[in-house]
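Read the structure below first, then the notes.
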There are 2 protein chains.
Amino acid sequence: MRLVMLAYDGFTDVDLFLPWDLFNRVHDPDYVGYTKPWSVRICADTPQVTSNTGIAITPHGGLGELAQADAVFIVSGPGSRAKLRDPDFMRQLELDPRRQVIGAIDSGVLFLARLGLLDGLSATTYPGVFAELEAMGVKTEHRPLVVHGQIATAGGCLATQDLAGWMVSRLLGREIADSMLGMIARVE
Amino acid sequence: MRLVMLAYDGFTDVDLFLPWDLFNRVHDPDYVGYTKPWSVRICADTPQVTSNTGIAITPHGGLGELAQADAVFIVSGPGSRAKLRDPDFMRQLELDPRRQVIGAIDSGVLFLARLGLLDGLSATTYPGVFAELEAMGVKTEHRPLVVHGQIATAGGCLATQDLAGWMVSRLLGREIADSMLGMIARVE
C-alpha cells in the first residue's frame, strides 16, 4: 500500500507533519498491528521544501510517484497559490479517484478544484479559503470533512484527523484507523 | 519575548511541529494581532535533529539559549531516553521556573523529573509513560494538562494545544492564546 503526501514550498507545518505523524503510526506493530507493507512518502517538485515558517526538509521523492500511489494526501499552505499558477507543477499532478483514495486539507483542496476533480461535487476548506474555492465553481459545505466516493476534503487544520482517519479506514479498515487516532489522543 | 523549544534526535513529529506551528501563529498580525517581538526557536545539542520517522531539520540554536528564554517547551519522543542518560546533555538544561514559564509534553516531562523540577509536584504524561514517570518519584495525574505555578505538563499529543494555550496565555494573555488556538480549529 503506497500513500503519497504532496508537499510544496510554503506548506503549513501542521498540515504536513500532523498527518505524516499519524500515517507513520500505522507502521507500529505494538499499537496498530498492521504488518503488511505500508509506505508513506512526502513528494514534491523540488529537492527541498520549506514551510511558511522556514522549516526545510528533503522530500522522499518527486511528483512522478503520485500516479503510482494507492492514496494521495494533498497538504495545505500559503505556497499553494504559486503552484496553482504553475502549469509545469499542475501538469504533473496525475490523480485518478477511480483507482486512488484522495484527500486534501484546507488550501490543498484548491488543487482538486483546479484539476476538475470536484466538478459537480461539494467540498470544505479552511475558513479563510471558502470564497476562493467557490470562485473556482465548487459548492462548499462548512463541515470538518466532506466525502464523495474516493475523494474527501477537510476544513480546519485539526480536521486532518478526520481526513487521515477516513483515508486509513478506507485503505486498511476502521480498526487500524481508530488505533492510529487513539495514539495521539489527550489523556483523560 | 523569547520562547525556546527543546528538541533532540528521536523526537516525535507531532510533539515538535504542532506546537511550533501554533507558537508561530502568534506572529500573524492578521489573526492574533500581537505586534511586539515574539521569537520562537527550536534548540538542540546537535547541528541537525532527526525525528523518529526520519524527518531531519536544522535547529535554530544550541542549548545555551535555554537559560535566556522567557519560556521553554520540551518536546517528546523515543529519543528522550538516550538524552536522559547523557550527562553532558542534562548539564546544559538550565531551567528556572521562578523566572521562566516551562511546559513539557509526554516523555518530555521526564526531563523535568530528572532535573528535580517536579519534586513535590504532580504531573501528567503519555499513556505509556506513566510508570516511568512514577518510577522517578513523581506523583501522576491522568489529565491532559497539569499546572503548578510556572510549570505545566501535558499528556497525549493533542494536549499540546492545552499546553501551548496555557503558555501563551500566561506570557501574552488569554485573548492571544484563544486566537492562536482558533486558527487550527476544525470548521463547523
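We label chains A, B, ... in the order they appear in the C-alpha cells, count residues from 1 in each chain, and number ligands from 1 in the order shown.
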From the DSSP assignment of the backbone, select every residue of region 114-187 of chain A that is helix (DSSP H, G or I), and format the answer as JSON, numbers by chain.
-> {"A": [114, 127, 128, 129, 130, 131, 132, 133, 134, 135, 157, 158, 159, 160, 161, 162, 163, 164, 165, 166, 167, 168, 169, 170, 171, 172, 174, 175, 176, 177, 178, 179, 180, 181, 182]}
May I have the residues from that selection written out with N, CA and C atoms, as a compact mmCIF listing (two decimals), in the first residue's frame?
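Final output, saved to result.txt:
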# COMPACT_ATOMS: atom_id res chain seq x y z
N ARG A 114 -8.93 22.79 -9.21
CA ARG A 114 -8.27 23.17 -10.46
C ARG A 114 -8.13 21.98 -11.42
N PRO A 127 -11.37 28.10 6.90
CA PRO A 127 -12.34 29.20 6.98
C PRO A 127 -12.07 30.34 6.00
N GLY A 128 -10.81 30.79 5.90
CA GLY A 128 -10.49 31.92 5.03
C GLY A 128 -10.40 31.59 3.56
N VAL A 129 -10.66 30.35 3.16
CA VAL A 129 -10.45 29.92 1.77
C VAL A 129 -11.76 29.59 1.05
N PHE A 130 -12.89 29.66 1.77
CA PHE A 130 -14.16 29.27 1.15
C PHE A 130 -14.48 30.10 -0.10
N ALA A 131 -14.26 31.42 -0.02
CA ALA A 131 -14.61 32.29 -1.15
C ALA A 131 -13.78 31.93 -2.39
N GLU A 132 -12.50 31.63 -2.15
CA GLU A 132 -11.60 31.26 -3.24
C GLU A 132 -12.07 29.96 -3.91
N LEU A 133 -12.48 29.01 -3.08
CA LEU A 133 -12.93 27.72 -3.61
C LEU A 133 -14.24 27.88 -4.37
N GLU A 134 -15.12 28.72 -3.84
CA GLU A 134 -16.41 28.96 -4.51
C GLU A 134 -16.19 29.67 -5.84
N ALA A 135 -15.20 30.58 -5.88
CA ALA A 135 -14.89 31.29 -7.13
C ALA A 135 -14.38 30.34 -8.22
N CYS A 157 -7.24 22.95 10.30
CA CYS A 157 -6.06 22.07 10.42
C CYS A 157 -6.33 20.80 11.23
N LEU A 158 -7.08 20.92 12.33
CA LEU A 158 -7.28 19.73 13.17
C LEU A 158 -8.21 18.71 12.51
N ALA A 159 -8.93 19.10 11.46
CA ALA A 159 -9.76 18.14 10.73
C ALA A 159 -8.91 17.17 9.92
N THR A 160 -7.59 17.39 9.91
CA THR A 160 -6.68 16.43 9.29
C THR A 160 -6.84 15.07 9.95
N GLN A 161 -7.23 15.06 11.23
CA GLN A 161 -7.51 13.79 11.91
C GLN A 161 -8.67 13.05 11.25
N ASP A 162 -9.74 13.79 10.96
CA ASP A 162 -10.91 13.17 10.33
C ASP A 162 -10.53 12.65 8.94
N LEU A 163 -9.73 13.44 8.23
CA LEU A 163 -9.33 13.07 6.87
C LEU A 163 -8.38 11.87 6.88
N ALA A 164 -7.35 11.92 7.73
CA ALA A 164 -6.42 10.79 7.81
C ALA A 164 -7.15 9.54 8.29
N GLY A 165 -8.06 9.71 9.24
CA GLY A 165 -8.84 8.58 9.73
C GLY A 165 -9.69 7.97 8.63
N TRP A 166 -10.32 8.83 7.83
CA TRP A 166 -11.15 8.33 6.72
C TRP A 166 -10.28 7.59 5.70
N MET A 167 -9.13 8.15 5.37
CA MET A 167 -8.25 7.53 4.36
C MET A 167 -7.76 6.16 4.83
N VAL A 168 -7.29 6.10 6.06
CA VAL A 168 -6.76 4.83 6.58
C VAL A 168 -7.89 3.81 6.74
N SER A 169 -9.04 4.29 7.15
CA SER A 169 -10.19 3.40 7.28
C SER A 169 -10.55 2.80 5.93
N ARG A 170 -10.56 3.63 4.92
CA ARG A 170 -10.91 3.19 3.56
C ARG A 170 -9.86 2.22 3.00
N LEU A 171 -8.59 2.47 3.32
CA LEU A 171 -7.50 1.66 2.77
C LEU A 171 -7.26 0.39 3.59
N LEU A 172 -7.36 0.49 4.91
CA LEU A 172 -6.91 -0.60 5.79
C LEU A 172 -7.95 -1.03 6.81
N ARG A 174 -11.41 0.23 9.59
CA ARG A 174 -11.74 1.16 10.68
C ARG A 174 -10.90 0.90 11.93
N GLU A 175 -10.59 -0.39 12.19
CA GLU A 175 -9.88 -0.71 13.42
C GLU A 175 -8.48 -0.08 13.43
N ILE A 176 -7.79 -0.20 12.31
CA ILE A 176 -6.45 0.38 12.20
C ILE A 176 -6.53 1.91 12.27
N ALA A 177 -7.54 2.48 11.64
CA ALA A 177 -7.71 3.94 11.68
C ALA A 177 -7.94 4.41 13.12
N ASP A 178 -8.80 3.69 13.85
CA ASP A 178 -9.09 4.09 15.22
C ASP A 178 -7.88 3.94 16.13
N SER A 179 -7.08 2.88 15.93
CA SER A 179 -5.86 2.72 16.72
C SER A 179 -4.91 3.89 16.46
N MET A 180 -4.75 4.22 15.19
CA MET A 180 -3.87 5.34 14.80
C MET A 180 -4.30 6.63 15.49
N LEU A 181 -5.58 6.93 15.43
CA LEU A 181 -6.07 8.19 16.02
C LEU A 181 -5.97 8.17 17.54
N GLY A 182 -6.17 6.98 18.14
CA GLY A 182 -6.10 6.87 19.59
C GLY A 182 -4.71 7.17 20.13
Hey, list the chain B side of the contact with chain A: 8 Å cut-off, only C-alpha atoms, answer as a PyMOL selection string.
-> chain B and resi 12-14+17-18+21+24+53+55-58+125-127+142-144+155-159+183-188
Go ahead and write the selection's residues with N, CA, C and O atoms as a short mmCIF file (atom, residue, chain, number, x, y, z; two decimals), in the first residue's frame.
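Output (again.cif):
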data_model
loop_
_atom_site.label_atom_id
_atom_site.label_comp_id
_atom_site.auth_asym_id
_atom_site.auth_seq_id
_atom_site.Cartn_x
_atom_site.Cartn_y
_atom_site.Cartn_z
N THR B 12 9.36 13.14 18.46
CA THR B 12 8.11 12.76 17.79
C THR B 12 7.61 13.94 16.97
O THR B 12 7.47 15.04 17.51
N ASP B 13 7.33 13.71 15.68
CA ASP B 13 6.99 14.83 14.78
C ASP B 13 5.90 15.74 15.34
O ASP B 13 6.08 16.96 15.41
N VAL B 14 4.78 15.15 15.71
CA VAL B 14 3.64 15.99 16.12
C VAL B 14 3.96 16.78 17.38
O VAL B 14 3.45 17.89 17.57
N PHE B 17 6.22 19.74 15.85
CA PHE B 17 5.69 20.60 14.79
C PHE B 17 4.29 21.15 15.06
O PHE B 17 3.95 22.21 14.53
N LEU B 18 3.49 20.46 15.84
CA LEU B 18 2.18 21.04 16.16
C LEU B 18 2.34 22.27 17.07
O LEU B 18 1.83 23.35 16.73
N ASP B 21 4.00 25.13 15.06
CA ASP B 21 3.04 25.77 14.17
C ASP B 21 2.16 26.74 14.97
O ASP B 21 1.98 27.91 14.58
N ASN B 24 4.07 29.87 16.18
CA ASN B 24 4.36 30.78 15.09
C ASN B 24 3.15 31.61 14.67
O ASN B 24 3.31 32.68 14.08
N THR B 53 10.66 9.30 12.80
CA THR B 53 10.24 8.84 11.47
C THR B 53 11.22 9.26 10.38
O THR B 53 10.98 9.03 9.20
N ILE B 55 12.41 12.54 9.76
CA ILE B 55 12.37 13.94 9.30
C ILE B 55 13.55 14.68 9.93
O ILE B 55 13.65 14.77 11.16
N ALA B 56 14.46 15.20 9.08
CA ALA B 56 15.67 15.88 9.57
C ALA B 56 15.52 17.39 9.38
O ALA B 56 15.17 17.85 8.29
N ILE B 57 15.79 18.13 10.44
CA ILE B 57 15.73 19.60 10.35
C ILE B 57 16.96 20.21 11.02
O ILE B 57 17.65 19.55 11.81
N THR B 58 17.23 21.45 10.69
CA THR B 58 18.33 22.20 11.29
C THR B 58 17.77 23.08 12.40
O THR B 58 16.95 23.95 12.14
N THR B 125 1.56 12.70 31.64
CA THR B 125 2.47 12.32 30.55
C THR B 125 1.70 11.45 29.55
O THR B 125 0.47 11.32 29.63
N TYR B 126 2.41 10.88 28.58
CA TYR B 126 1.81 10.00 27.59
C TYR B 126 1.30 8.72 28.27
O TYR B 126 1.94 8.25 29.23
N PRO B 127 0.20 8.15 27.79
CA PRO B 127 -0.34 6.95 28.44
C PRO B 127 0.71 5.88 28.76
O PRO B 127 0.74 5.37 29.88
N HIS B 142 -3.89 11.51 35.71
CA HIS B 142 -4.31 11.20 34.34
C HIS B 142 -5.23 12.29 33.83
O HIS B 142 -6.44 12.14 33.79
N ARG B 143 -4.61 13.39 33.44
CA ARG B 143 -5.35 14.53 32.90
C ARG B 143 -4.57 15.10 31.72
O ARG B 143 -3.36 14.91 31.63
N PRO B 144 -5.23 15.83 30.80
CA PRO B 144 -4.49 16.39 29.65
C PRO B 144 -3.46 17.43 30.05
O PRO B 144 -2.41 17.53 29.42
N GLY B 155 -0.38 15.56 28.65
CA GLY B 155 -0.38 14.13 28.34
C GLY B 155 -1.23 13.81 27.12
O GLY B 155 -2.39 14.20 27.05
N GLY B 156 -0.63 13.09 26.15
CA GLY B 156 -1.32 12.79 24.89
C GLY B 156 -1.00 13.89 23.90
O GLY B 156 -1.17 15.07 24.20
N CYS B 157 -0.54 13.51 22.70
CA CYS B 157 0.00 14.51 21.74
C CYS B 157 -0.93 15.70 21.54
O CYS B 157 -0.47 16.84 21.45
N LEU B 158 -2.25 15.45 21.44
CA LEU B 158 -3.15 16.56 21.15
C LEU B 158 -3.31 17.52 22.33
O LEU B 158 -3.80 18.63 22.16
N ALA B 159 -2.87 17.10 23.52
CA ALA B 159 -2.89 18.00 24.67
C ALA B 159 -1.85 19.10 24.54
O ALA B 159 -1.79 20.02 25.35
N MET B 183 -7.15 29.31 15.23
CA MET B 183 -6.65 29.23 13.85
C MET B 183 -6.45 27.81 13.34
O MET B 183 -6.28 27.62 12.13
N ILE B 184 -6.42 26.83 14.24
CA ILE B 184 -6.27 25.45 13.76
C ILE B 184 -7.52 24.61 14.02
O ILE B 184 -7.52 23.41 13.78
N ALA B 185 -8.58 25.26 14.49
CA ALA B 185 -9.80 24.51 14.83
C ALA B 185 -10.45 23.92 13.59
O ALA B 185 -10.31 24.43 12.48
N ARG B 186 -11.18 22.83 13.79
CA ARG B 186 -11.99 22.24 12.72
C ARG B 186 -13.08 23.24 12.30
O ARG B 186 -13.66 23.92 13.14
N VAL B 187 -13.38 23.26 11.01
CA VAL B 187 -14.55 24.00 10.51
C VAL B 187 -15.81 23.32 11.05
O VAL B 187 -15.89 22.10 11.06
N GLU B 188 -16.75 24.11 11.53
CA GLU B 188 -18.03 23.51 11.99
C GLU B 188 -19.18 24.14 11.22
O GLU B 188 -19.08 25.24 10.75
#
Please write out chain A, superposed on chain B by least squares over all C-alpha atoms matched in order, as a PDB file with C-alpha atoms, in the first residue's frame.
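Wrote part-v3.pdb, looks like this:
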ATOM      1  CA  MET A   1       9.568  37.598  24.478  1.00  0.00           C
ATOM      2  CA  ARG A   2      11.734  34.562  23.782  1.00  0.00           C
ATOM      3  CA  LEU A   3      10.327  31.048  23.612  1.00  0.00           C
ATOM      4  CA  VAL A   4      12.703  28.122  23.097  1.00  0.00           C
ATOM      5  CA  MET A   5      11.581  24.645  22.062  1.00  0.00           C
ATOM      6  CA  LEU A   6      13.977  21.961  23.258  1.00  0.00           C
ATOM      7  CA  ALA A   7      14.387  19.233  20.616  1.00  0.00           C
ATOM      8  CA  TYR A   8      16.717  16.243  20.203  1.00  0.00           C
ATOM      9  CA  ASP A   9      17.320  13.286  17.905  1.00  0.00           C
ATOM     10  CA  GLY A  10      14.412  10.872  18.009  1.00  0.00           C
ATOM     11  CA  PHE A  11      11.731  13.487  18.665  1.00  0.00           C
ATOM     12  CA  THR A  12       8.104  12.742  17.776  1.00  0.00           C
ATOM     13  CA  ASP A  13       6.991  14.826  14.778  1.00  0.00           C
ATOM     14  CA  VAL A  14       3.642  15.984  16.123  1.00  0.00           C
ATOM     15  CA  ASP A  15       5.152  16.908  19.496  1.00  0.00           C
ATOM     16  CA  LEU A  16       7.526  19.381  17.881  1.00  0.00           C
ATOM     17  CA  PHE A  17       5.688  20.596  14.791  1.00  0.00           C
ATOM     18  CA  LEU A  18       2.169  21.038  16.167  1.00  0.00           C
ATOM     19  CA  PRO A  19       3.248  23.391  18.984  1.00  0.00           C
ATOM     20  CA  TRP A  20       5.823  25.018  16.648  1.00  0.00           C
ATOM     21  CA  ASP A  21       3.037  25.765  14.172  1.00  0.00           C
ATOM     22  CA  LEU A  22       0.814  27.132  16.933  1.00  0.00           C
ATOM     23  CA  PHE A  23       3.516  29.329  18.496  1.00  0.00           C
ATOM     24  CA  ASN A  24       4.352  30.774  15.084  1.00  0.00           C
ATOM     25  CA  ARG A  25       0.746  31.866  14.559  1.00  0.00           C
ATOM     26  CA  VAL A  26       1.217  34.361  17.378  1.00  0.00           C
ATOM     27  CA  HIS A  27       3.336  36.370  14.906  1.00  0.00           C
ATOM     28  CA  ASP A  28       0.463  36.773  12.496  1.00  0.00           C
ATOM     29  CA  PRO A  29      -0.973  40.291  12.805  1.00  0.00           C
ATOM     30  CA  ASP A  30      -3.937  39.403  10.581  1.00  0.00           C
ATOM     31  CA  TYR A  31      -5.227  36.927  13.112  1.00  0.00           C
ATOM     32  CA  VAL A  32      -3.700  37.281  16.520  1.00  0.00           C
ATOM     33  CA  GLY A  33      -2.742  40.945  16.501  1.00  0.00           C
ATOM     34  CA  TYR A  34       0.403  40.515  18.587  1.00  0.00           C
ATOM     35  CA  THR A  35       2.834  43.061  17.204  1.00  0.00           C
ATOM     36  CA  LYS A  36       5.607  43.106  19.823  1.00  0.00           C
ATOM     37  CA  PRO A  37       8.730  40.969  19.331  1.00  0.00           C
ATOM     38  CA  TRP A  38       7.969  37.283  19.811  1.00  0.00           C
ATOM     39  CA  SER A  39      10.711  34.851  18.978  1.00  0.00           C
ATOM     40  CA  VAL A  40      10.238  31.083  18.754  1.00  0.00           C
ATOM     41  CA  ARG A  41      13.349  28.965  18.226  1.00  0.00           C
ATOM     42  CA  ILE A  42      14.002  25.236  18.100  1.00  0.00           C
ATOM     43  CA  CYS A  43      17.202  24.494  20.044  1.00  0.00           C
ATOM     44  CA  ALA A  44      19.196  21.282  20.288  1.00  0.00           C
ATOM     45  CA  ASP A  45      22.675  19.975  21.095  1.00  0.00           C
ATOM     46  CA  THR A  46      23.391  18.822  17.534  1.00  0.00           C
ATOM     47  CA  PRO A  47      23.636  20.680  14.190  1.00  0.00           C
ATOM     48  CA  GLN A  48      20.726  18.606  12.896  1.00  0.00           C
ATOM     49  CA  VAL A  49      17.933  16.718  14.634  1.00  0.00           C
ATOM     50  CA  THR A  50      16.062  13.799  13.103  1.00  0.00           C
ATOM     51  CA  SER A  51      12.628  12.660  14.233  1.00  0.00           C
ATOM     52  CA  ASN A  52      11.793   9.036  14.961  1.00  0.00           C
ATOM     53  CA  THR A  53      10.246   8.832  11.475  1.00  0.00           C
ATOM     54  CA  GLY A  54      13.352  10.275   9.790  1.00  0.00           C
ATOM     55  CA  ILE A  55      12.382  13.939   9.295  1.00  0.00           C
ATOM     56  CA  ALA A  56      15.671  15.876   9.554  1.00  0.00           C
ATOM     57  CA  ILE A  57      15.735  19.594  10.342  1.00  0.00           C
ATOM     58  CA  THR A  58      18.322  22.192  11.290  1.00  0.00           C
ATOM     59  CA  PRO A  59      17.696  23.701  14.734  1.00  0.00           C
ATOM     60  CA  HIS A  60      17.863  27.471  15.134  1.00  0.00           C
ATOM     61  CA  GLY A  61      20.330  27.364  18.000  1.00  0.00           C
ATOM     62  CA  GLY A  62      22.015  25.442  20.777  1.00  0.00           C
ATOM     63  CA  LEU A  63      21.151  24.649  24.359  1.00  0.00           C
ATOM     64  CA  GLY A  64      22.841  27.834  25.578  1.00  0.00           C
ATOM     65  CA  GLU A  65      19.672  29.687  24.578  1.00  0.00           C
ATOM     66  CA  LEU A  66      17.606  27.869  27.195  1.00  0.00           C
ATOM     67  CA  ALA A  67      18.822  29.943  30.145  1.00  0.00           C
ATOM     68  CA  GLN A  68      18.003  33.198  28.302  1.00  0.00           C
ATOM     69  CA  ALA A  69      14.474  32.171  27.336  1.00  0.00           C
ATOM     70  CA  ASP A  70      11.317  33.570  28.894  1.00  0.00           C
ATOM     71  CA  ALA A  71       9.624  30.260  28.183  1.00  0.00           C
ATOM     72  CA  VAL A  72      10.756  26.731  27.369  1.00  0.00           C
ATOM     73  CA  PHE A  73       8.711  23.985  25.687  1.00  0.00           C
ATOM     74  CA  ILE A  74      10.204  20.494  25.962  1.00  0.00           C
ATOM     75  CA  VAL A  75       9.250  18.149  23.137  1.00  0.00           C
ATOM     76  CA  SER A  76       8.672  14.424  23.407  1.00  0.00           C
ATOM     77  CA  GLY A  77       9.923  11.385  21.572  1.00  0.00           C
ATOM     78  CA  PRO A  78      11.572   7.991  21.928  1.00  0.00           C
ATOM     79  CA  GLY A  79      14.970   9.746  21.724  1.00  0.00           C
ATOM     80  CA  SER A  80      14.374  11.322  25.139  1.00  0.00           C
ATOM     81  CA  ARG A  81      15.649   8.217  26.959  1.00  0.00           C
ATOM     82  CA  ALA A  82      19.143   8.438  25.407  1.00  0.00           C
ATOM     83  CA  LYS A  83      19.328  12.130  26.330  1.00  0.00           C
ATOM     84  CA  LEU A  84      18.209  11.444  29.910  1.00  0.00           C
ATOM     85  CA  ARG A  85      21.226   9.108  30.198  1.00  0.00           C
ATOM     86  CA  ASP A  86      23.598  11.713  28.702  1.00  0.00           C
ATOM     87  CA  PRO A  87      25.146  13.826  31.490  1.00  0.00           C
ATOM     88  CA  ASP A  88      26.559  16.378  29.013  1.00  0.00           C
ATOM     89  CA  PHE A  89      23.077  16.992  27.608  1.00  0.00           C
ATOM     90  CA  MET A  90      21.398  17.116  31.014  1.00  0.00           C
ATOM     91  CA  ARG A  91      24.002  19.539  32.379  1.00  0.00           C
ATOM     92  CA  GLN A  92      23.099  22.047  29.652  1.00  0.00           C
ATOM     93  CA  LEU A  93      19.422  22.172  30.597  1.00  0.00           C
ATOM     94  CA  GLU A  94      19.469  25.375  32.621  1.00  0.00           C
ATOM     95  CA  LEU A  95      15.840  25.919  33.529  1.00  0.00           C
ATOM     96  CA  ASP A  96      14.425  28.080  36.289  1.00  0.00           C
ATOM     97  CA  PRO A  97      10.657  28.098  36.891  1.00  0.00           C
ATOM     98  CA  ARG A  98      10.988  31.144  39.147  1.00  0.00           C
ATOM     99  CA  ARG A  99      11.671  33.294  36.093  1.00  0.00           C
ATOM    100  CA  GLN A 100      10.629  31.051  33.177  1.00  0.00           C
ATOM    101  CA  VAL A 101       7.347  29.557  32.027  1.00  0.00           C
ATOM    102  CA  ILE A 102       8.101  25.872  31.425  1.00  0.00           C
ATOM    103  CA  GLY A 103       5.998  23.292  29.610  1.00  0.00           C
ATOM    104  CA  ALA A 104       6.671  19.675  28.709  1.00  0.00           C
ATOM    105  CA  ILE A 105       4.666  17.160  26.697  1.00  0.00           C
ATOM    106  CA  ASP A 106       4.609  13.361  27.092  1.00  0.00           C
ATOM    107  CA  SER A 107       8.145  11.920  27.527  1.00  0.00           C
ATOM    108  CA  GLY A 108       9.478  15.494  27.618  1.00  0.00           C
ATOM    109  CA  VAL A 109       8.097  15.501  31.174  1.00  0.00           C
ATOM    110  CA  LEU A 110      10.831  13.015  32.143  1.00  0.00           C
ATOM    111  CA  PHE A 111      13.429  15.782  31.736  1.00  0.00           C
ATOM    112  CA  LEU A 112      11.625  17.953  34.294  1.00  0.00           C
ATOM    113  CA  ALA A 113      11.521  14.992  36.672  1.00  0.00           C
ATOM    114  CA  ARG A 114      15.236  14.274  36.231  1.00  0.00           C
ATOM    115  CA  LEU A 115      16.090  17.941  36.823  1.00  0.00           C
ATOM    116  CA  GLY A 116      14.169  17.826  40.117  1.00  0.00           C
ATOM    117  CA  LEU A 117      11.697  20.454  38.916  1.00  0.00           C
ATOM    118  CA  LEU A 118       8.728  18.211  39.727  1.00  0.00           C
ATOM    119  CA  ASP A 119       9.843  17.457  43.303  1.00  0.00           C
ATOM    120  CA  GLY A 120       6.754  17.595  45.490  1.00  0.00           C
ATOM    121  CA  LEU A 121       4.512  18.285  42.480  1.00  0.00           C
ATOM    122  CA  SER A 122       2.232  16.125  40.337  1.00  0.00           C
ATOM    123  CA  ALA A 123       2.429  15.703  36.554  1.00  0.00           C
ATOM    124  CA  THR A 124       0.837  14.035  33.561  1.00  0.00           C
ATOM    125  CA  THR A 125       2.464  12.325  30.545  1.00  0.00           C
ATOM    126  CA  TYR A 126       1.802   9.987  27.587  1.00  0.00           C
ATOM    127  CA  PRO A 127      -0.342   6.943  28.447  1.00  0.00           C
ATOM    128  CA  GLY A 128       2.602   4.539  28.041  1.00  0.00           C
ATOM    129  CA  VAL A 129       4.984   6.701  30.112  1.00  0.00           C
ATOM    130  CA  PHE A 130       3.155   6.988  33.455  1.00  0.00           C
ATOM    131  CA  ALA A 131       5.018   4.062  35.066  1.00  0.00           C
ATOM    132  CA  GLU A 132       8.376   5.507  34.026  1.00  0.00           C
ATOM    133  CA  LEU A 133       7.492   8.908  35.478  1.00  0.00           C
ATOM    134  CA  GLU A 134       6.225   7.357  38.713  1.00  0.00           C
ATOM    135  CA  ALA A 135       9.457   5.341  39.005  1.00  0.00           C
ATOM    136  CA  MET A 136      11.258   8.698  39.065  1.00  0.00           C
ATOM    137  CA  GLY A 137       9.291   9.605  42.190  1.00  0.00           C
ATOM    138  CA  VAL A 138       6.681  11.855  40.589  1.00  0.00           C
ATOM    139  CA  LYS A 139       3.026  11.662  41.610  1.00  0.00           C
ATOM    140  CA  THR A 140       0.968  11.386  38.414  1.00  0.00           C
ATOM    141  CA  GLU A 141      -2.479  12.579  37.393  1.00  0.00           C
ATOM    142  CA  HIS A 142      -4.310  11.191  34.350  1.00  0.00           C
ATOM    143  CA  ARG A 143      -5.358  14.542  32.901  1.00  0.00           C
ATOM    144  CA  PRO A 144      -4.491  16.380  29.647  1.00  0.00           C
ATOM    145  CA  LEU A 145      -2.841  19.288  31.495  1.00  0.00           C
ATOM    146  CA  VAL A 146      -1.406  19.643  34.995  1.00  0.00           C
ATOM    147  CA  VAL A 147      -0.250  23.108  36.088  1.00  0.00           C
ATOM    148  CA  HIS A 148       1.787  24.087  39.153  1.00  0.00           C
ATOM    149  CA  GLY A 149       2.758  27.757  39.182  1.00  0.00           C
ATOM    150  CA  GLN A 150       5.044  28.349  36.198  1.00  0.00           C
ATOM    151  CA  ILE A 151       5.383  24.656  35.257  1.00  0.00           C
ATOM    152  CA  ALA A 152       2.873  22.664  33.220  1.00  0.00           C
ATOM    153  CA  THR A 153       2.882  19.114  31.878  1.00  0.00           C
ATOM    154  CA  ALA A 154       0.630  17.686  29.171  1.00  0.00           C
ATOM    155  CA  GLY A 155      -0.379  14.119  28.334  1.00  0.00           C
ATOM    156  CA  GLY A 156      -1.307  12.789  24.878  1.00  0.00           C
ATOM    157  CA  CYS A 157      -0.002  14.497  21.748  1.00  0.00           C
ATOM    158  CA  LEU A 158      -3.149  16.552  21.147  1.00  0.00           C
ATOM    159  CA  ALA A 159      -2.894  17.998  24.674  1.00  0.00           C
ATOM    160  CA  THR A 160      -0.076  20.094  23.220  1.00  0.00           C
ATOM    161  CA  GLN A 161      -2.921  22.496  22.400  1.00  0.00           C
ATOM    162  CA  ASP A 162      -3.797  22.843  26.077  1.00  0.00           C
ATOM    163  CA  LEU A 163      -0.126  23.281  26.954  1.00  0.00           C
ATOM    164  CA  ALA A 164       0.658  25.800  24.200  1.00  0.00           C
ATOM    165  CA  GLY A 165      -2.562  27.648  25.046  1.00  0.00           C
ATOM    166  CA  TRP A 166      -1.617  27.806  28.724  1.00  0.00           C
ATOM    167  CA  MET A 167       1.919  29.030  27.931  1.00  0.00           C
ATOM    168  CA  VAL A 168       0.791  31.756  25.528  1.00  0.00           C
ATOM    169  CA  SER A 169      -1.993  32.780  27.871  1.00  0.00           C
ATOM    170  CA  ARG A 170       0.480  33.104  30.734  1.00  0.00           C
ATOM    171  CA  LEU A 171       3.010  35.026  28.605  1.00  0.00           C
ATOM    172  CA  LEU A 172       0.747  37.170  26.408  1.00  0.00           C
ATOM    173  CA  GLY A 173      -2.810  36.848  27.692  1.00  0.00           C
ATOM    174  CA  ARG A 174      -5.847  34.662  27.127  1.00  0.00           C
ATOM    175  CA  GLU A 175      -7.080  36.570  24.079  1.00  0.00           C
ATOM    176  CA  ILE A 176      -3.920  35.905  22.060  1.00  0.00           C
ATOM    177  CA  ALA A 177      -3.901  32.269  23.191  1.00  0.00           C
ATOM    178  CA  ASP A 178      -7.511  31.787  22.109  1.00  0.00           C
ATOM    179  CA  SER A 179      -6.880  33.408  18.708  1.00  0.00           C
ATOM    180  CA  MET A 180      -3.883  31.120  18.184  1.00  0.00           C
ATOM    181  CA  LEU A 181      -5.876  27.995  19.030  1.00  0.00           C
ATOM    182  CA  GLY A 182      -8.851  29.112  16.925  1.00  0.00           C
ATOM    183  CA  MET A 183      -6.651  29.229  13.835  1.00  0.00           C
ATOM    184  CA  ILE A 184      -6.259  25.439  13.743  1.00  0.00           C
ATOM    185  CA  ALA A 185      -9.801  24.504  14.809  1.00  0.00           C
ATOM    186  CA  ARG A 186     -11.984  22.236  12.702  1.00  0.00           C
ATOM    187  CA  VAL A 187     -14.541  23.974  10.494  1.00  0.00           C
ATOM    188  CA  GLU A 188     -18.017  23.501  11.975  1.00  0.00           C
TER     189      GLU A 188
END
